[in-house]
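Reading through the structure tokens given below for one structure.
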Amino acid sequence: MEPGDTELGDREKAILALERRGFPGPGAKERAIREDLRLSPVRYYQLLNALLDDERALSHDPVTVNRLRRIRETRRSER
């Protein structure tokens, strides 16, 4: 991402789109991450976590980003 960009890239949009999907069971999401995005799950979650702090992501998909931010905060407070 270049400074001054006002729109998310295709990869960032694909990550948010994957987060909107439901998955039937354990392993299905990780398989989708590898097959659809060609990322390791570890890298995926690194990118996703950074996206949650990106205002462009919030503008692009406020429902998903706010839901994930709430989940992240809940998990942090449980530690």
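Residue numbering restarts at 1 in every chain; chains get A, B, ... in the order shown in the structure tokens, and ligands count up from 1 in that same order.
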Find the spatial neighbours of region 47-49 of chain A, counting only C-alpha atoms, within a cut-off of 12 Å - ignore same-chain residues fewer than 3 positions away - and output them as a count of residues only.
-> 29
For Glu7 (chain A): contacts at 9 Å, only C-alpha atoms, fewer than 2 positions along chain excluded, given as a PDB file with C-alpha atoms, in the first residue's frame:
ATOM      1  CA  ASP A   5      -3.896   5.554  -1.438  1.00  0.00           C
ATOM      2  CA  GLY A   9      -6.203  -3.167  -3.054  1.00  0.00           C
ATOM      3  CA  ARG A  56      -9.902   2.471   4.395  1.00  0.00           C
ATOM      4  CA  ALA A  57     -11.039  -1.006   5.435  1.00  0.00           C
ATOM      5  CA  HIS A  60     -15.036  -0.287   2.579  1.00  0.00           C
TER       6      HIS A  60
END
DSSP alpha helix (DSSP H) residues within chain A, listed as a tab-separated table (two decimals) with all heavy atoms, in the first residue's frame:
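Done, and the output landed in part-v3.tsv:
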chain	number	residue	atom	x	y	z
A	10	ASP	N	-6.87	-5.15	-4.24
A	10	ASP	CA	-7.65	-6.36	-4.46
A	10	ASP	C	-7.45	-7.39	-3.36
A	10	ASP	O	-8.39	-8.04	-2.92
A	10	ASP	CB	-7.31	-6.98	-5.81
A	10	ASP	CG	-7.79	-6.12	-6.98
A	10	ASP	OD1	-8.71	-5.30	-6.78
A	10	ASP	OD2	-7.25	-6.28	-8.09
A	11	ARG	N	-6.21	-7.56	-2.91
A	11	ARG	CA	-5.94	-8.54	-1.86
A	11	ARG	C	-6.65	-8.18	-0.56
A	11	ARG	O	-7.24	-9.03	0.10
A	11	ARG	CB	-4.44	-8.70	-1.62
A	11	ARG	CG	-4.14	-9.73	-0.54
A	11	ARG	CD	-2.70	-10.11	-0.45
A	11	ARG	NE	-1.88	-9.00	-0.01
A	11	ARG	CZ	-0.60	-9.09	0.26
A	11	ARG	NH1	0.03	-10.24	0.09
A	11	ARG	NH2	0.09	-8.05	0.66
A	12	GLU	N	-6.61	-6.90	-0.19
A	12	GLU	CA	-7.27	-6.47	1.03
A	12	GLU	C	-8.78	-6.66	0.94
A	12	GLU	O	-9.43	-7.10	1.90
A	12	GLU	CB	-6.94	-5.00	1.34
A	12	GLU	CG	-5.50	-4.78	1.77
A	12	GLU	CD	-4.52	-4.66	0.62
A	12	GLU	OE1	-4.96	-4.61	-0.56
A	12	GLU	OE2	-3.31	-4.62	0.89
A	13	LYS	N	-9.35	-6.35	-0.21
A	13	LYS	CA	-10.79	-6.56	-0.41
A	13	LYS	C	-11.13	-8.04	-0.34
A	13	LYS	O	-12.16	-8.43	0.22
A	13	LYS	CB	-11.23	-5.99	-1.76
A	13	LYS	CG	-11.22	-4.47	-1.79
A	13	LYS	CD	-11.58	-3.97	-3.18
A	13	LYS	CE	-11.49	-2.47	-3.28
A	13	LYS	NZ	-11.78	-1.98	-4.64
A	14	ALA	N	-10.27	-8.89	-0.89
A	14	ALA	CA	-10.50	-10.34	-0.85
A	14	ALA	C	-10.43	-10.87	0.58
A	14	ALA	O	-11.20	-11.78	0.94
A	14	ALA	CB	-9.48	-11.06	-1.73
A	15	ILE	N	-9.55	-10.33	1.39
A	15	ILE	CA	-9.46	-10.74	2.80
A	15	ILE	C	-10.76	-10.41	3.52
A	15	ILE	O	-11.31	-11.23	4.25
A	15	ILE	CB	-8.24	-10.09	3.48
A	15	ILE	CG1	-6.95	-10.72	2.94
A	15	ILE	CG2	-8.32	-10.21	5.00
A	15	ILE	CD1	-5.68	-10.01	3.36
A	16	LEU	N	-11.26	-9.20	3.32
A	16	LEU	CA	-12.52	-8.81	3.97
A	16	LEU	C	-13.69	-9.65	3.45
A	16	LEU	O	-14.56	-10.05	4.23
A	16	LEU	CB	-12.78	-7.32	3.78
A	16	LEU	CG	-11.82	-6.39	4.52
A	16	LEU	CD1	-12.09	-4.95	4.12
A	16	LEU	CD2	-11.92	-6.57	6.02
A	17	ALA	N	-13.68	-9.96	2.17
A	17	ALA	CA	-14.74	-10.79	1.61
A	17	ALA	C	-14.71	-12.19	2.20
A	17	ALA	O	-15.76	-12.76	2.51
A	17	ALA	CB	-14.61	-10.85	0.08
A	18	LEU	N	-13.52	-12.72	2.41
A	18	LEU	CA	-13.42	-14.05	3.01
A	18	LEU	C	-13.94	-14.03	4.44
A	18	LEU	O	-14.59	-14.97	4.89
A	18	LEU	CB	-11.96	-14.53	2.98
A	18	LEU	CG	-11.80	-16.01	3.32
A	18	LEU	CD1	-11.02	-16.71	2.22
A	18	LEU	CD2	-11.11	-16.17	4.63
A	19	GLU	N	-13.70	-12.93	5.16
A	19	GLU	CA	-14.19	-12.82	6.54
A	19	GLU	C	-15.72	-12.73	6.61
A	19	GLU	O	-16.30	-13.03	7.63
A	19	GLU	CB	-13.56	-11.61	7.23
A	19	GLU	CG	-12.16	-11.85	7.68
A	19	GLU	CD	-12.03	-12.98	8.68
A	19	GLU	OE1	-12.86	-13.09	9.60
A	19	GLU	OE2	-11.08	-13.77	8.55
A	20	ARG	N	-16.36	-12.32	5.53
A	20	ARG	CA	-17.82	-12.25	5.51
A	20	ARG	C	-18.46	-13.62	5.30
A	20	ARG	O	-19.64	-13.81	5.58
A	20	ARG	CB	-18.30	-11.30	4.41
A	20	ARG	CG	-18.11	-9.84	4.74
A	20	ARG	CD	-18.84	-8.94	3.75
A	20	ARG	NE	-18.41	-9.12	2.38
A	20	ARG	CZ	-17.41	-8.47	1.79
A	20	ARG	NH1	-16.71	-7.59	2.48
A	20	ARG	NH2	-17.10	-8.69	0.53
A	28	ALA	N	-11.95	-25.56	7.18
A	28	ALA	CA	-12.50	-25.04	5.92
A	28	ALA	C	-11.99	-23.63	5.64
A	28	ALA	O	-11.67	-23.29	4.49
A	28	ALA	CB	-14.02	-25.07	5.95
A	29	LYS	N	-11.91	-22.80	6.67
A	29	LYS	CA	-11.44	-21.43	6.47
A	29	LYS	C	-9.96	-21.42	6.08
A	29	LYS	O	-9.58	-20.70	5.15
A	29	LYS	CB	-11.65	-20.60	7.74
A	29	LYS	CG	-11.27	-19.14	7.58
A	29	LYS	CD	-11.64	-18.36	8.81
A	29	LYS	CE	-11.36	-16.90	8.64
A	29	LYS	NZ	-11.75	-16.14	9.82
A	30	GLU	N	-9.15	-22.23	6.77
A	30	GLU	CA	-7.74	-22.29	6.44
A	30	GLU	C	-7.52	-22.79	5.01
A	30	GLU	O	-6.65	-22.31	4.30
A	30	GLU	CB	-6.99	-23.18	7.44
A	30	GLU	CG	-6.80	-22.52	8.80
A	30	GLU	CD	-8.06	-22.42	9.65
A	30	GLU	OE1	-9.06	-23.14	9.36
A	30	GLU	OE2	-8.07	-21.60	10.58
A	31	ARG	N	-8.33	-23.74	4.59
A	31	ARG	CA	-8.25	-24.25	3.22
A	31	ARG	C	-8.60	-23.14	2.23
A	31	ARG	O	-7.93	-22.96	1.21
A	31	ARG	CB	-9.18	-25.45	3.05
A	31	ARG	CG	-8.99	-26.20	1.76
A	31	ARG	CD	-9.71	-27.55	1.72
A	31	ARG	NE	-11.01	-27.60	2.39
A	31	ARG	CZ	-11.23	-28.15	3.59
A	31	ARG	NH1	-10.24	-28.67	4.28
A	31	ARG	NH2	-12.44	-28.16	4.11
A	32	ALA	N	-9.64	-22.36	2.53
A	32	ALA	CA	-10.03	-21.25	1.66
A	32	ALA	C	-8.93	-20.19	1.60
A	32	ALA	O	-8.67	-19.62	0.55
A	32	ALA	CB	-11.35	-20.64	2.14
A	33	ILE	N	-8.29	-19.93	2.73
A	33	ILE	CA	-7.20	-18.96	2.77
A	33	ILE	C	-6.08	-19.40	1.82
A	33	ILE	O	-5.58	-18.62	1.01
A	33	ILE	CB	-6.66	-18.78	4.20
A	33	ILE	CG1	-7.70	-18.07	5.07
A	33	ILE	CG2	-5.33	-18.04	4.21
A	33	ILE	CD1	-7.41	-18.12	6.56
A	34	ARG	N	-5.72	-20.66	1.90
A	34	ARG	CA	-4.64	-21.18	1.05
A	34	ARG	C	-5.03	-21.23	-0.42
A	34	ARG	O	-4.26	-20.85	-1.29
A	34	ARG	CB	-4.23	-22.58	1.52
A	34	ARG	CG	-3.49	-22.58	2.83
A	34	ARG	CD	-3.03	-23.99	3.19
A	34	ARG	NE	-2.52	-24.07	4.54
A	34	ARG	CZ	-1.32	-23.67	4.92
A	34	ARG	NH1	-0.50	-23.16	4.04
A	34	ARG	NH2	-0.93	-23.79	6.17
A	35	GLU	N	-6.23	-21.72	-0.69
A	35	GLU	CA	-6.64	-21.93	-2.08
A	35	GLU	C	-7.10	-20.65	-2.77
A	35	GLU	O	-6.74	-20.40	-3.92
A	35	GLU	CB	-7.75	-22.98	-2.14
A	35	GLU	CG	-7.27	-24.36	-1.75
A	35	GLU	CD	-8.39	-25.39	-1.67
A	35	GLU	OE1	-9.56	-25.05	-1.95
A	35	GLU	OE2	-8.08	-26.54	-1.30
A	36	ASP	N	-7.90	-19.85	-2.08
A	36	ASP	CA	-8.47	-18.65	-2.71
A	36	ASP	C	-7.49	-17.48	-2.73
A	36	ASP	O	-7.43	-16.73	-3.70
A	36	ASP	CB	-9.75	-18.23	-2.00
A	36	ASP	CG	-10.85	-19.28	-2.07
A	36	ASP	OD1	-10.69	-20.26	-2.83
A	36	ASP	OD2	-11.86	-19.12	-1.36
A	37	LEU	N	-6.76	-17.31	-1.64
A	37	LEU	CA	-5.89	-16.14	-1.52
A	37	LEU	C	-4.41	-16.47	-1.73
A	37	LEU	O	-3.59	-15.56	-1.83
A	37	LEU	CB	-6.07	-15.48	-0.14
A	37	LEU	CG	-7.49	-15.01	0.18
A	37	LEU	CD1	-7.54	-14.46	1.59
A	37	LEU	CD2	-7.95	-13.98	-0.82
A	41	PRO	N	-2.07	-19.29	6.46
A	41	PRO	CA	-2.97	-18.74	7.48
A	41	PRO	C	-2.29	-17.72	8.39
A	41	PRO	O	-2.89	-16.71	8.75
A	41	PRO	CB	-3.43	-19.98	8.26
A	41	PRO	CG	-3.40	-21.07	7.23
A	41	PRO	CD	-2.17	-20.76	6.42
A	42	VAL	N	-1.03	-17.95	8.73
A	42	VAL	CA	-0.32	-17.01	9.60
A	42	VAL	C	-0.23	-15.64	8.92
A	42	VAL	O	-0.53	-14.60	9.53
A	42	VAL	CB	1.09	-17.53	9.96
A	42	VAL	CG1	1.92	-16.45	10.64
A	42	VAL	CG2	0.99	-18.76	10.84
A	43	ARG	N	0.17	-15.62	7.65
A	43	ARG	CA	0.29	-14.35	6.92
A	43	ARG	C	-1.08	-13.70	6.77
A	43	ARG	O	-1.22	-12.47	6.88
A	43	ARG	CB	0.94	-14.59	5.55
A	43	ARG	CG	1.14	-13.32	4.77
A	43	ARG	CD	2.14	-12.41	5.46
A	43	ARG	NE	2.32	-11.19	4.70
A	43	ARG	CZ	2.47	-9.99	5.25
A	43	ARG	NH1	2.50	-9.85	6.55
A	43	ARG	NH2	2.62	-8.93	4.50
A	44	TYR	N	-2.10	-14.51	6.50
A	44	TYR	CA	-3.47	-14.00	6.37
A	44	TYR	C	-3.88	-13.24	7.62
A	44	TYR	O	-4.38	-12.12	7.55
A	44	TYR	CB	-4.42	-15.17	6.12
A	44	TYR	CG	-5.87	-14.78	6.17
A	44	TYR	CD1	-6.50	-14.22	5.07
A	44	TYR	CD2	-6.61	-14.96	7.33
A	44	TYR	CE1	-7.84	-13.85	5.13
A	44	TYR	CE2	-7.95	-14.60	7.39
A	44	TYR	CZ	-8.55	-14.05	6.28
A	44	TYR	OH	-9.86	-13.67	6.34
A	45	TYR	N	-3.66	-13.85	8.79
A	45	TYR	CA	-4.09	-13.20	10.02
A	45	TYR	C	-3.24	-11.97	10.34
A	45	TYR	O	-3.75	-11.01	10.94
A	45	TYR	CB	-4.11	-14.20	11.18
A	45	TYR	CG	-5.28	-15.15	11.06
A	45	TYR	CD1	-5.10	-16.47	10.72
A	45	TYR	CD2	-6.58	-14.69	11.23
A	45	TYR	CE1	-6.18	-17.33	10.58
A	45	TYR	CE2	-7.67	-15.53	11.08
A	45	TYR	CZ	-7.46	-16.85	10.76
A	45	TYR	OH	-8.54	-17.69	10.60
A	46	GLN	N	-1.99	-11.95	9.93
A	46	GLN	CA	-1.18	-10.74	10.08
A	46	GLN	C	-1.77	-9.60	9.25
A	46	GLN	O	-1.92	-8.47	9.73
A	46	GLN	CB	0.26	-11.00	9.64
A	46	GLN	CG	1.04	-11.89	10.56
A	46	GLN	CD	2.39	-12.29	9.98
A	46	GLN	OE1	2.60	-12.27	8.76
A	46	GLN	NE2	3.31	-12.69	10.85
A	47	LEU	N	-2.11	-9.91	8.00
A	47	LEU	CA	-2.69	-8.89	7.12
A	47	LEU	C	-4.06	-8.45	7.61
A	47	LEU	O	-4.38	-7.25	7.59
A	47	LEU	CB	-2.78	-9.43	5.68
A	47	LEU	CG	-1.46	-9.69	4.98
A	47	LEU	CD1	-1.68	-10.47	3.69
A	47	LEU	CD2	-0.74	-8.38	4.71
A	48	LEU	N	-4.86	-9.40	8.06
A	48	LEU	CA	-6.19	-9.07	8.57
A	48	LEU	C	-6.09	-8.16	9.78
A	48	LEU	O	-6.81	-7.16	9.87
A	48	LEU	CB	-6.95	-10.35	8.94
A	48	LEU	CG	-8.32	-10.13	9.59
A	48	LEU	CD1	-9.26	-9.39	8.65
A	48	LEU	CD2	-8.91	-11.47	10.00
A	49	ASN	N	-5.20	-8.46	10.70
A	49	ASN	CA	-5.05	-7.63	11.89
A	49	ASN	C	-4.65	-6.20	11.52
A	49	ASN	O	-5.16	-5.24	12.10
A	49	ASN	CB	-4.03	-8.25	12.84
A	49	ASN	CG	-4.14	-7.69	14.23
A	49	ASN	OD1	-5.23	-7.55	14.77
A	49	ASN	ND2	-3.01	-7.36	14.81
A	50	ALA	N	-3.77	-6.06	10.56
A	50	ALA	CA	-3.38	-4.72	10.09
A	50	ALA	C	-4.56	-4.01	9.44
A	50	ALA	O	-4.76	-2.80	9.61
A	50	ALA	CB	-2.20	-4.81	9.13
A	51	LEU	N	-5.37	-4.76	8.69
A	51	LEU	CA	-6.53	-4.17	8.04
A	51	LEU	C	-7.54	-3.61	9.04
A	51	LEU	O	-8.19	-2.61	8.78
A	51	LEU	CB	-7.25	-5.23	7.19
A	51	LEU	CG	-6.92	-5.31	5.73
A	51	LEU	CD1	-7.68	-6.45	5.08
A	51	LEU	CD2	-7.20	-4.01	5.01
A	52	LEU	N	-7.65	-4.27	10.19
A	52	LEU	CA	-8.61	-3.81	11.18
A	52	LEU	C	-8.27	-2.42	11.73
A	52	LEU	O	-9.14	-1.74	12.26
A	52	LEU	CB	-8.71	-4.81	12.34
A	52	LEU	CG	-9.24	-6.18	11.95
A	52	LEU	CD1	-9.36	-7.06	13.18
A	52	LEU	CD2	-10.57	-6.09	11.22
A	55	GLU	N	-8.31	2.68	8.26
A	55	GLU	CA	-9.57	3.40	8.07
A	55	GLU	C	-10.19	3.12	6.71
A	55	GLU	O	-11.41	3.19	6.55
A	55	GLU	CB	-9.38	4.90	8.29
A	55	GLU	CG	-9.10	5.26	9.74
A	55	GLU	CD	-10.18	4.79	10.70
A	55	GLU	OE1	-11.39	4.99	10.42
A	55	GLU	OE2	-9.83	4.19	11.74
A	56	ARG	N	-9.35	2.80	5.72
A	56	ARG	CA	-9.90	2.47	4.40
A	56	ARG	C	-10.72	1.19	4.46
A	56	ARG	O	-11.75	1.07	3.79
A	56	ARG	CB	-8.78	2.32	3.37
A	56	ARG	CG	-8.00	3.61	3.15
A	56	ARG	CD	-6.81	3.40	2.26
A	56	ARG	NE	-5.96	2.36	2.85
A	56	ARG	CZ	-5.06	1.67	2.17
A	56	ARG	NH1	-4.88	1.89	0.88
A	56	ARG	NH2	-4.32	0.76	2.75
A	57	ALA	N	-10.28	0.24	5.27
A	57	ALA	CA	-11.04	-1.01	5.44
A	57	ALA	C	-12.37	-0.72	6.12
A	57	ALA	O	-13.40	-1.27	5.73
A	57	ALA	CB	-10.23	-2.02	6.24
A	58	LEU	N	-12.35	0.16	7.10
A	58	LEU	CA	-13.58	0.53	7.79
A	58	LEU	C	-14.56	1.20	6.83
A	58	LEU	O	-15.75	0.90	6.84
A	58	LEU	CB	-13.28	1.46	8.97
A	58	LEU	CG	-14.46	1.87	9.83
A	58	LEU	CD1	-15.12	0.66	10.47
A	58	LEU	CD2	-14.02	2.87	10.88
A	59	SER	N	-14.06	2.03	5.96
A	59	SER	CA	-14.92	2.68	4.96
A	59	SER	C	-15.47	1.68	3.95
A	59	SER	O	-16.62	1.78	3.53
A	59	SER	CB	-14.15	3.76	4.21
A	59	SER	OG	-13.77	4.79	5.08
A	60	HIS	N	-14.65	0.71	3.58
A	60	HIS	CA	-15.04	-0.29	2.58
A	60	HIS	C	-16.09	-1.26	3.11
A	60	HIS	O	-17.04	-1.59	2.41
A	60	HIS	CB	-13.81	-1.05	2.11
A	60	HIS	CG	-14.11	-2.16	1.14
A	60	HIS	ND1	-14.43	-1.90	-0.17
A	60	HIS	CD2	-14.18	-3.50	1.31
A	60	HIS	CE1	-14.68	-3.05	-0.77
A	60	HIS	NE2	-14.52	-4.04	0.10
A	62	PRO	N	-17.73	-1.51	6.81
A	62	PRO	CA	-17.82	-1.17	8.24
A	62	PRO	C	-18.42	-2.28	9.11
A	62	PRO	O	-17.98	-2.47	10.24
A	62	PRO	CB	-18.69	0.08	8.26
A	62	PRO	CG	-19.36	0.15	6.95
A	62	PRO	CD	-18.50	-0.60	5.98
A	63	VAL	N	-19.36	-3.03	8.59
A	63	VAL	CA	-19.98	-4.09	9.40
A	63	VAL	C	-18.96	-5.16	9.76
A	63	VAL	O	-18.81	-5.54	10.93
A	63	VAL	CB	-21.20	-4.70	8.66
A	63	VAL	CG1	-21.74	-5.90	9.41
A	63	VAL	CG2	-22.28	-3.65	8.48
A	64	THR	N	-18.24	-5.64	8.77
A	64	THR	CA	-17.25	-6.69	9.01
A	64	THR	C	-16.11	-6.19	9.88
A	64	THR	O	-15.71	-6.86	10.84
A	64	THR	CB	-16.71	-7.22	7.67
A	64	THR	OG1	-17.81	-7.74	6.91
A	64	THR	CG2	-15.67	-8.31	7.87
A	65	VAL	N	-15.59	-5.02	9.58
A	65	VAL	CA	-14.45	-4.49	10.34
A	65	VAL	C	-14.85	-4.24	11.78
A	65	VAL	O	-14.12	-4.62	12.71
A	65	VAL	CB	-13.88	-3.22	9.67
A	65	VAL	CG1	-12.85	-2.55	10.57
A	65	VAL	CG2	-13.27	-3.57	8.32
A	66	ASN	N	-16.00	-3.65	12.02
A	66	ASN	CA	-16.43	-3.40	13.41
A	66	ASN	C	-16.67	-4.71	14.16
A	66	ASN	O	-16.32	-4.82	15.33
A	66	ASN	CB	-17.66	-2.51	13.44
A	66	ASN	CG	-17.31	-1.06	13.20
A	66	ASN	OD1	-16.27	-0.58	13.64
A	66	ASN	ND2	-18.17	-0.36	12.50
A	67	ARG	N	-17.23	-5.71	13.49
A	67	ARG	CA	-17.45	-7.01	14.13
A	67	ARG	C	-16.11	-7.63	14.53
A	67	ARG	O	-15.94	-8.10	15.66
A	67	ARG	CB	-18.20	-7.95	13.18
A	67	ARG	CG	-18.39	-9.37	13.73
A	67	ARG	CD	-19.17	-10.24	12.78
A	67	ARG	NE	-18.56	-10.37	11.46
A	67	ARG	CZ	-17.58	-11.25	11.17
A	67	ARG	NH1	-17.12	-12.05	12.10
A	67	ARG	NH2	-17.10	-11.31	9.95
A	68	LEU	N	-15.16	-7.60	13.62
A	68	LEU	CA	-13.85	-8.18	13.91
A	68	LEU	C	-13.09	-7.39	14.97
A	68	LEU	O	-12.37	-7.97	15.78
A	68	LEU	CB	-13.04	-8.30	12.62
A	68	LEU	CG	-13.60	-9.29	11.60
A	68	LEU	CD1	-12.85	-9.16	10.28
A	68	LEU	CD2	-13.55	-10.71	12.12
A	69	ARG	N	-13.26	-6.09	14.97
A	69	ARG	CA	-12.62	-5.27	16.02
A	69	ARG	C	-13.19	-5.64	17.39
A	69	ARG	O	-12.44	-5.73	18.38
A	69	ARG	CB	-12.86	-3.78	15.76
A	69	ARG	CG	-11.97	-3.20	14.69
A	69	ARG	CD	-12.28	-1.74	14.48
A	69	ARG	NE	-11.38	-1.10	13.53
A	69	ARG	CZ	-11.46	0.17	13.18
A	69	ARG	NH1	-12.41	0.94	13.68
A	69	ARG	NH2	-10.60	0.68	12.31
A	70	ARG	N	-14.51	-5.85	17.47
A	70	ARG	CA	-15.13	-6.24	18.75
A	70	ARG	C	-14.59	-7.60	19.22
A	70	ARG	O	-14.27	-7.77	20.39
A	70	ARG	CB	-16.65	-6.30	18.63
A	70	ARG	CG	-17.33	-4.95	18.67
A	70	ARG	CD	-18.84	-5.06	18.82
A	70	ARG	NE	-19.47	-5.87	17.78
A	70	ARG	CZ	-19.85	-5.42	16.59
A	70	ARG	NH1	-19.68	-4.14	16.28
A	70	ARG	NH2	-20.42	-6.21	15.71
A	71	ILE	N	-14.49	-8.53	18.30
A	71	ILE	CA	-13.97	-9.86	18.64
A	71	ILE	C	-12.53	-9.74	19.14
A	71	ILE	O	-12.14	-10.34	20.15
A	71	ILE	CB	-14.06	-10.80	17.43
A	71	ILE	CG1	-15.52	-11.12	17.13
A	71	ILE	CG2	-13.25	-12.08	17.67
A	71	ILE	CD1	-15.74	-11.81	15.79
A	72	ARG	N	-11.73	-8.95	18.44
A	72	ARG	CA	-10.33	-8.77	18.82
A	72	ARG	C	-10.22	-8.16	20.22
A	72	ARG	O	-9.43	-8.62	21.04
A	72	ARG	CB	-9.62	-7.90	17.79
A	72	ARG	CG	-8.16	-7.67	18.08
A	72	ARG	CD	-7.46	-6.93	16.98
A	72	ARG	NE	-7.90	-5.54	16.90
A	72	ARG	CZ	-7.39	-4.65	16.06
A	72	ARG	NH1	-6.43	-5.00	15.21
A	72	ARG	NH2	-7.82	-3.42	16.04
A	73	GLU	N	-11.02	-7.15	20.49
A	73	GLU	CA	-10.98	-6.52	21.80
A	73	GLU	C	-11.43	-7.47	22.91
A	73	GLU	O	-10.85	-7.46	24.00
A	73	GLU	CB	-11.81	-5.24	21.82
A	73	GLU	CG	-11.18	-4.10	21.05
A	73	GLU	CD	-9.75	-3.81	21.52
A	73	GLU	OE1	-9.53	-3.67	22.75
A	73	GLU	OE2	-8.85	-3.72	20.66
A	74	THR	N	-12.44	-8.26	22.63
A	74	THR	CA	-12.91	-9.24	23.62
A	74	THR	C	-11.81	-10.23	23.94
A	74	THR	O	-11.55	-10.54	25.12
A	74	THR	CB	-14.16	-9.99	23.09
A	74	THR	OG1	-15.20	-9.03	22.87
A	74	THR	CG2	-14.63	-11.03	24.08
A	75	ARG	N	-11.14	-10.72	22.92
A	75	ARG	CA	-10.05	-11.69	23.14
A	75	ARG	C	-8.89	-11.06	23.88
A	75	ARG	O	-8.27	-11.71	24.74
A	75	ARG	CB	-9.59	-12.27	21.81
A	75	ARG	CG	-10.61	-13.21	21.23
A	75	ARG	CD	-10.16	-13.83	19.95
A	75	ARG	NE	-11.17	-14.75	19.45
A	75	ARG	CZ	-11.32	-15.09	18.19
A	75	ARG	NH1	-10.49	-14.61	17.28
A	75	ARG	NH2	-12.27	-15.92	17.84
A	76	ARG	N	-8.58	-9.82	23.59
A	76	ARG	CA	-7.49	-9.14	24.30
A	76	ARG	C	-7.83	-8.95	25.77
A	76	ARG	O	-6.97	-9.10	26.64
A	76	ARG	CB	-7.20	-7.77	23.67
A	76	ARG	CG	-6.41	-7.86	22.40
A	76	ARG	CD	-6.12	-6.49	21.85
A	76	ARG	NE	-5.32	-6.58	20.62
A	76	ARG	CZ	-5.11	-5.58	19.80
A	76	ARG	NH1	-5.62	-4.39	20.06
A	76	ARG	NH2	-4.39	-5.74	18.72
A	77	SER	N	-9.08	-8.62	26.06
A	77	SER	CA	-9.46	-8.39	27.45
A	77	SER	C	-9.52	-9.69	28.26
A	77	SER	O	-9.44	-9.66	29.48
A	77	SER	CB	-10.80	-7.65	27.53
A	77	SER	OG	-11.84	-8.46	27.07
A	78	GLU	N	-9.68	-10.82	27.58
A	78	GLU	CA	-9.72	-12.12	28.26
A	78	GLU	C	-8.33	-12.62	28.63
A	78	GLU	O	-8.21	-13.55	29.42
A	78	GLU	CB	-10.42	-13.16	27.38
A	78	GLU	CG	-11.90	-12.90	27.24
A	78	GLU	CD	-12.57	-13.82	26.23
A	78	GLU	OE1	-11.85	-14.57	25.53
A	78	GLU	OE2	-13.80	-13.78	26.15
